[in-house]
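Novice: The structure file query-v5.cif (mmCIF, C-alpha atoms) is provided below.
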```cif
data_protein
#
loop_
_atom_site.label_atom_id
_atom_site.label_comp_id
_atom_site.auth_asym_id
_atom_site.auth_seq_id
_atom_site.Cartn_x
_atom_site.Cartn_y
_atom_site.Cartn_z
CA MET A 818 0.00 0.00 0.00
CA ILE A 819 2.87 2.36 0.75
CA SER A 820 4.50 1.75 -2.64
CA LYS A 821 1.21 2.27 -4.48
CA PHE A 822 0.65 5.49 -2.54
CA LYS A 823 3.97 6.92 -3.75
CA GLN A 824 3.15 6.06 -7.34
CA LYS A 825 -0.12 7.99 -7.10
CA ILE A 826 1.79 11.04 -5.83
CA THR A 827 4.20 10.76 -8.75
CA LEU A 828 1.37 10.47 -11.25
CA THR A 829 -0.48 13.35 -9.61
CA THR A 830 2.64 15.53 -9.72
CA VAL A 831 3.26 14.76 -13.42
CA PHE A 832 -0.40 15.44 -14.18
CA ALA A 833 -0.27 18.78 -12.29
CA ILE A 834 2.88 19.86 -14.17
CA LEU A 835 1.28 19.02 -17.53
CA ILE A 836 -1.86 20.99 -16.63
CA THR A 837 0.29 23.98 -15.58
CA ILE A 838 2.21 23.88 -18.87
CA LEU A 839 -1.00 23.65 -20.91
CA VAL A 840 -2.61 26.56 -19.07
CA GLY A 841 0.57 28.63 -19.47
CA CYS A 842 0.78 27.94 -23.20
CA SER A 843 -2.88 28.74 -23.77
CA SER A 844 -2.56 32.09 -22.00
CA LEU A 845 0.44 33.02 -24.16
CA THR A 846 -1.59 32.56 -27.33
CA ASN A 847 -3.76 35.52 -26.31
CA ALA A 848 -0.80 37.94 -26.24
CA ASN A 849 -1.35 39.16 -29.82
CA SER A 850 -5.00 39.97 -29.28
CA MET A 851 -4.10 41.88 -26.11
CA ASN A 852 -1.50 43.91 -28.04
CA ASP A 853 -4.13 44.66 -30.70
CA ASN A 854 -6.44 46.01 -28.01
CA VAL A 855 -3.68 48.29 -26.67
CA LYS A 856 -2.99 49.63 -30.18
CA ASN A 857 -6.66 50.57 -30.59
CA ILE A 858 -6.61 52.95 -27.63
CA ASP A 859 -7.49 56.51 -28.66
CA THR A 860 -4.41 58.69 -28.23
CA SER A 861 -5.90 61.79 -29.84
CA ALA A 862 -6.76 63.41 -26.52
CA PRO A 863 -3.88 65.30 -24.94
CA SER A 864 -2.34 63.60 -21.96
CA GLN A 865 -0.47 65.20 -19.11
CA SER A 866 1.46 61.96 -18.45
CA ILE A 867 4.78 62.89 -19.99
CA LEU A 868 8.44 63.06 -19.26
CA PRO A 869 9.38 65.51 -16.53
CA ALA A 870 9.52 68.83 -18.31
CA GLN A 871 12.82 69.89 -16.76
CA GLN A 872 15.44 67.51 -18.08
CA LYS A 873 19.01 68.28 -17.13
CA GLU A 874 20.47 67.04 -20.40
CA ASN A 875 19.23 65.86 -23.76
CA LYS A 876 20.71 62.47 -22.83
CA ASP A 877 17.59 61.93 -20.72
CA VAL A 878 15.51 62.15 -23.89
CA GLU A 879 17.79 59.65 -25.61
CA LYS A 880 17.37 57.19 -22.71
CA VAL A 881 13.59 57.38 -23.00
CA SER A 882 13.88 57.04 -26.76
CA ASP A 883 15.70 53.73 -26.25
CA THR A 884 12.75 52.33 -24.28
CA LEU A 885 10.09 53.68 -26.62
CA ASP A 886 7.55 51.19 -27.95
CA THR A 887 8.15 51.74 -31.66
CA ASP A 888 4.98 49.87 -32.64
CA THR A 889 2.88 52.66 -31.18
CA ILE A 890 4.52 55.46 -33.16
CA LYS A 891 2.84 56.34 -36.41
CA GLU A 892 4.64 55.62 -39.68
CA GLU A 893 7.20 58.21 -40.80
CA ALA A 894 8.21 58.87 -37.16
CA SER A 895 11.80 59.26 -38.26
CA PRO A 896 12.15 60.08 -41.95
CA GLU A 897 15.74 58.90 -42.42
CA ASN A 898 16.19 60.10 -46.00
CA LEU A 899 15.51 63.79 -45.27
CA THR A 900 18.06 66.55 -44.68
CA ILE A 901 18.06 68.31 -41.31
CA GLU A 902 16.17 71.26 -42.78
CA GLU A 903 13.55 68.92 -44.29
CA LYS A 904 13.21 67.07 -40.97
CA VAL A 905 12.62 70.38 -39.19
CA GLU A 906 9.88 71.29 -41.70
CA PHE A 907 8.35 67.81 -41.48
CA TYR A 908 8.15 67.79 -37.67
CA LEU A 909 7.01 71.43 -37.47
CA GLU A 910 4.05 70.46 -39.65
CA LYS A 911 3.34 67.40 -37.44
CA LEU A 912 3.13 69.46 -34.21
CA LYS A 913 -0.59 70.11 -34.71
CA ASP A 914 -1.38 66.44 -35.46
CA LYS A 915 -2.90 65.04 -32.25
CA SER A 916 -2.57 61.48 -33.53
CA TYR A 917 1.18 61.78 -34.15
CA THR A 918 2.13 60.29 -30.80
CA GLY A 919 3.42 57.09 -29.29
CA THR A 920 3.75 55.62 -25.84
CA TYR A 921 6.64 54.66 -23.61
CA GLY A 922 7.07 53.16 -20.18
CA GLU A 923 3.75 52.46 -18.51
CA GLY A 924 1.54 54.18 -21.06
CA TYR A 925 3.07 57.67 -20.97
CA THR A 926 2.46 59.71 -24.10
CA TRP A 927 5.41 60.39 -26.38
CA TYR A 928 4.81 63.54 -28.42
CA THR A 929 6.85 62.46 -31.42
CA ALA A 930 7.16 65.73 -33.34
CA ALA A 931 8.12 67.78 -30.27
CA GLU A 932 10.62 65.16 -29.10
CA GLU A 933 12.25 64.89 -32.54
CA LEU A 934 12.54 68.67 -32.85
CA GLY A 935 14.05 68.76 -29.38
CA MET A 936 16.66 66.22 -30.42
CA LEU A 937 17.59 68.34 -33.44
CA GLY A 938 18.30 71.32 -31.19
CA LYS A 939 19.58 74.52 -32.80
CA PRO A 940 18.23 73.98 -36.36
CA ALA A 941 14.68 73.59 -34.99
CA ILE A 942 14.54 76.70 -32.80
CA PRO A 943 13.88 79.47 -35.40
CA GLY A 944 10.94 77.53 -36.86
CA LEU A 945 9.60 76.81 -33.38
CA ILE A 946 9.78 80.50 -32.47
CA GLU A 947 7.67 81.28 -35.58
CA LYS A 948 5.14 78.60 -34.51
CA LEU A 949 4.51 80.37 -31.20
CA GLY A 950 2.04 82.64 -33.03
CA THR A 951 -0.25 79.74 -33.93
CA GLU A 952 -3.96 79.93 -33.11
CA ASP A 953 -4.00 76.17 -32.37
CA ASP A 954 -3.67 75.70 -28.59
CA TYR A 955 -2.46 72.09 -28.90
CA GLU A 956 0.21 73.07 -31.43
CA ARG A 957 1.35 75.96 -29.18
CA ALA A 958 1.68 73.63 -26.17
CA LEU A 959 3.85 71.21 -28.16
CA THR A 960 5.86 74.08 -29.64
CA LEU A 961 6.72 75.32 -26.15
CA TYR A 962 7.67 71.79 -25.09
CA ALA A 963 9.87 71.37 -28.18
CA LEU A 964 11.55 74.71 -27.41
CA LEU A 965 12.31 73.52 -23.89
CA LEU A 966 13.96 70.37 -25.25
CA ALA A 967 15.76 72.03 -28.17
CA SER A 968 17.20 74.77 -25.97
CA GLN A 969 18.79 72.09 -23.79
CA HIS A 970 20.60 70.44 -26.71
CA GLU A 971 24.40 70.44 -26.68
CA ASN A 972 24.53 72.45 -29.93
CA VAL A 973 22.64 75.26 -28.13
CA LYS A 974 24.29 75.02 -24.71
CA SER A 975 27.59 75.88 -26.35
CA PHE A 976 26.54 79.56 -26.65
CA THR A 977 23.94 79.86 -23.86
CA ASN A 978 26.07 78.46 -21.03
CA GLY A 979 23.23 76.05 -20.28
CA GLU A 980 20.47 78.67 -20.06
CA HIS A 981 17.40 77.07 -21.62
CA ILE A 982 13.82 78.13 -22.24
CA ASP A 983 12.25 77.48 -18.85
CA VAL A 984 8.76 76.29 -19.82
CA ASN A 985 6.93 72.97 -19.75
CA LEU A 986 4.28 71.01 -21.60
CA ASP A 987 1.01 72.49 -20.42
CA PHE A 988 -2.30 72.22 -22.25
CA ASP A 989 -3.88 74.93 -20.07
CA VAL A 990 -4.06 77.87 -22.48
CA ASN A 991 -4.21 80.32 -19.58
CA ASN A 992 -0.54 79.53 -18.89
CA HIS A 993 0.59 79.96 -22.49
CA PRO A 994 1.08 83.77 -22.60
CA GLU A 995 3.58 83.71 -19.74
CA MET A 996 5.49 80.81 -21.30
CA VAL A 997 5.50 82.47 -24.73
CA ASN A 998 6.95 85.60 -23.11
CA LYS A 999 9.73 83.52 -21.50
CA ALA A 1000 10.50 81.88 -24.84
CA MET A 1001 10.60 85.23 -26.64
CA ALA A 1002 12.85 86.77 -23.97
CA TRP A 1003 15.28 83.86 -24.40
CA TRP A 1004 15.10 84.23 -28.20
CA ASP A 1005 15.79 87.99 -28.04
CA LYS A 1006 18.85 87.26 -25.95
CA TYR A 1007 20.34 84.56 -28.21
CA LYS A 1008 18.83 85.10 -31.69
CA ASN A 1009 22.13 86.44 -33.09
CA ASN A 1010 23.54 82.91 -32.76
CA PHE A 1011 21.05 81.52 -35.29
#
```
Translate the structure of the given file into structure tokens.
Specialist:
Amino acid sequence: MISKFKQKITLTTVFAILITILVGCSSLTNANSMNDNVKNIDTSAPSQSILPAQQKENKDVEKVSDTLDTDTIKEEASPENLTIEEKVEFYLEKLKDKSYTGTYGEGYTWYTAAEELGMLGKPAIPGLIEKLGTEDDYERALTLYALLLASQHENVKSFTNGEHIDVNLDFDVNNHPEMVNKAMAWWDKYKNNF
């Protein structure tokens, strides 16, 4: 009876392991449909869940870029075959496109056009300054955010001694006039370098 009892434990253990493996495999087959559901989430509404606005160096942006979920960025997120000037024009035009976003981390919104302009730095700033006059509140918010990032780029720090445009991404239009004034004061101070 003792020997038979041990055999039943062995058979029960093997059976339990097989059941666990089957359940695990069947749950993995649903991964694609779950990813499809995540991709169908509406990202057109502005989100305040973003990178901290005050980044000490542009390297912080590059680190986030490394962890970015590239499947969630719309096509043409990085037009490789364009010159720097063409990239600036391309991303300036995309600032007003609410769907031109991606996600990173735990669902934070990545504002692709603003981030890309920020990573270009100096070449993007004159066009961004012109965009401050837009009537589109969403576009203005992203323009200010791109100016923050671009003014922290190494190719700008070289002549500003690290002084950047001290604004943040804010969709509250009541805060825009003050931030536009800060951006214009910075531009007046350094525009001869462009």
Novice: Can you turn the PyMOL selection byres ((chain A and resi 901) around 12) into a concrete residue list for this file, as a VMD selection string?
Specialist: chain A and resid 895 to 900 902 to 908 933 to 934 936 to 941
Novice: Since we have the selection now, will you write its residues out, keeping C-alpha atoms, as an mmCIF file, keeping the file's coordinate frame?
Specialist:
```
data_model
loop_
_atom_site.group_PDB
_atom_site.id
_atom_site.type_symbol
_atom_site.label_atom_id
_atom_site.label_comp_id
_atom_site.auth_asym_id
_atom_site.auth_seq_id
_atom_site.Cartn_x
_atom_site.Cartn_y
_atom_site.Cartn_z
ATOM 1 C CA SER A 895 11.800 59.260 -38.260
ATOM 2 C CA PRO A 896 12.150 60.080 -41.950
ATOM 3 C CA GLU A 897 15.740 58.900 -42.420
ATOM 4 C CA ASN A 898 16.190 60.100 -46.000
ATOM 5 C CA LEU A 899 15.510 63.790 -45.270
ATOM 6 C CA THR A 900 18.060 66.550 -44.680
ATOM 7 C CA GLU A 902 16.170 71.260 -42.780
ATOM 8 C CA GLU A 903 13.550 68.920 -44.290
ATOM 9 C CA LYS A 904 13.210 67.070 -40.970
ATOM 10 C CA VAL A 905 12.620 70.380 -39.190
ATOM 11 C CA GLU A 906 9.880 71.290 -41.700
ATOM 12 C CA PHE A 907 8.350 67.810 -41.480
ATOM 13 C CA TYR A 908 8.150 67.790 -37.670
ATOM 14 C CA GLU A 933 12.250 64.890 -32.540
ATOM 15 C CA LEU A 934 12.540 68.670 -32.850
ATOM 16 C CA MET A 936 16.660 66.220 -30.420
ATOM 17 C CA LEU A 937 17.590 68.340 -33.440
ATOM 18 C CA GLY A 938 18.300 71.320 -31.190
ATOM 19 C CA LYS A 939 19.580 74.520 -32.800
ATOM 20 C CA PRO A 940 18.230 73.980 -36.360
ATOM 21 C CA ALA A 941 14.680 73.590 -34.990
#
```
Novice: With only C-alpha atoms as the counted atoms, please give the residues lying no more than 8 Å from A:Ala930, apart from itself and same-chain residues fewer than 4 positions off, as a list in words.
Specialist: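 Listed by chain and then number, they are Ala894, Tyr908, Leu909, Lys911, Leu912, Tyr917, Thr918 and Leu934 of chain A.
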Novice: Would you mind listing what lies within 12 Å of A:Phe976 as an NGL selection string, with all atoms listed in the file counted and same-chain residues fewer than 2 positions away left out?
Specialist: :A and (939 or 968-974 or 978-981 or 1006-1011)
Novice: Counting only C-alpha atoms, which of A:Ala833, A:Cys842, A:Leu959, A:Met1001 gets nearest to A:Ile946?
Specialist: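 Comparing A:Ala833, A:Cys842, A:Leu959, A:Met1001 against A:Ile946, the winner is A:Met1001.
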Novice: Mind pulling up the distance from atom CA of A:Glu956 to atom CA of A:Phe988?
Specialist: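 These two atoms are separated by 9.6 Å.
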Novice: What does the distance from atom CA of A:Gly919 to atom CA of A:Asn998 come to in Å, to one decimal?
Specialist: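 Between atom CA of A:Gly919 and atom CA of A:Asn998 the gap works out to 29.4 Å.
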Novice: Which residue is closest to A:Gly944? Choose from A:Tyr928, A:Phe832, A:Asp914, A:Trp1004 and count only C-alpha atoms.
Specialist: A:Trp1004
Novice: Kindly output stretch 980-994 of chain A as a PDB file, in the frame of the given file, after building N, CA and C atoms.
Specialist:
```pdb
ATOM      1  N   GLU A 980      21.754  78.010 -20.290  1.00  0.00           N
ATOM      2  CA  GLU A 980      20.470  78.670 -20.060  1.00  0.00           C
ATOM      3  C   GLU A 980      19.478  78.190 -21.127  1.00  0.00           C
ATOM      4  N   HIS A 981      18.391  77.585 -20.684  1.00  0.00           N
ATOM      5  CA  HIS A 981      17.400  77.070 -21.620  1.00  0.00           C
ATOM      6  C   HIS A 981      16.066  77.805 -21.436  1.00  0.00           C
ATOM      7  N   ILE A 982      15.142  77.518 -22.322  1.00  0.00           N
ATOM      8  CA  ILE A 982      13.820  78.130 -22.240  1.00  0.00           C
ATOM      9  C   ILE A 982      13.057  77.394 -21.142  1.00  0.00           C
ATOM     10  N   ASP A 983      12.801  78.092 -20.058  1.00  0.00           N
ATOM     11  CA  ASP A 983      12.250  77.480 -18.850  1.00  0.00           C
ATOM     12  C   ASP A 983      10.719  77.451 -18.899  1.00  0.00           C
ATOM     13  N   VAL A 984      10.205  76.501 -19.696  1.00  0.00           N
ATOM     14  CA  VAL A 984       8.760  76.290 -19.820  1.00  0.00           C
ATOM     15  C   VAL A 984       8.499  74.794 -19.659  1.00  0.00           C
ATOM     16  N   ASN A 985       7.248  74.391 -19.788  1.00  0.00           N
ATOM     17  CA  ASN A 985       6.930  72.970 -19.750  1.00  0.00           C
ATOM     18  C   ASN A 985       5.748  72.677 -20.661  1.00  0.00           C
ATOM     19  N   LEU A 986       5.428  71.403 -20.781  1.00  0.00           N
ATOM     20  CA  LEU A 986       4.280  71.010 -21.600  1.00  0.00           C
ATOM     21  C   LEU A 986       3.028  71.200 -20.758  1.00  0.00           C
ATOM     22  N   ASP A 987       2.205  72.146 -21.184  1.00  0.00           N
ATOM     23  CA  ASP A 987       1.010  72.490 -20.420  1.00  0.00           C
ATOM     24  C   ASP A 987      -0.105  72.788 -21.422  1.00  0.00           C
ATOM     25  N   PHE A 988      -1.194  72.021 -21.323  1.00  0.00           N
ATOM     26  CA  PHE A 988      -2.300  72.220 -22.250  1.00  0.00           C
ATOM     27  C   PHE A 988      -3.308  73.255 -21.745  1.00  0.00           C
ATOM     28  N   ASP A 989      -3.032  73.863 -20.602  1.00  0.00           N
ATOM     29  CA  ASP A 989      -3.880  74.930 -20.070  1.00  0.00           C
ATOM     30  C   ASP A 989      -3.501  76.231 -20.784  1.00  0.00           C
ATOM     31  N   VAL A 990      -4.374  76.693 -21.666  1.00  0.00           N
ATOM     32  CA  VAL A 990      -4.060  77.870 -22.480  1.00  0.00           C
ATOM     33  C   VAL A 990      -3.875  79.132 -21.653  1.00  0.00           C
ATOM     34  N   ASN A 991      -4.391  79.147 -20.446  1.00  0.00           N
ATOM     35  CA  ASN A 991      -4.210  80.320 -19.580  1.00  0.00           C
ATOM     36  C   ASN A 991      -2.745  80.513 -19.194  1.00  0.00           C
ATOM     37  N   ASN A 992      -1.955  79.441 -19.236  1.00  0.00           N
ATOM     38  CA  ASN A 992      -0.540  79.530 -18.890  1.00  0.00           C
ATOM     39  C   ASN A 992       0.356  79.834 -20.092  1.00  0.00           C
ATOM     40  N   HIS A 993      -0.214  79.773 -21.290  1.00  0.00           N
ATOM     41  CA  HIS A 993       0.590  79.960 -22.490  1.00  0.00           C
ATOM     42  C   HIS A 993       1.201  81.352 -22.637  1.00  0.00           C
ATOM     43  N   PRO A 994       0.466  82.441 -22.383  1.00  0.00           N
ATOM     44  CA  PRO A 994       1.080  83.770 -22.600  1.00  0.00           C
ATOM     45  C   PRO A 994       2.364  83.967 -21.799  1.00  0.00           C
TER      46      PRO A 994
END
```
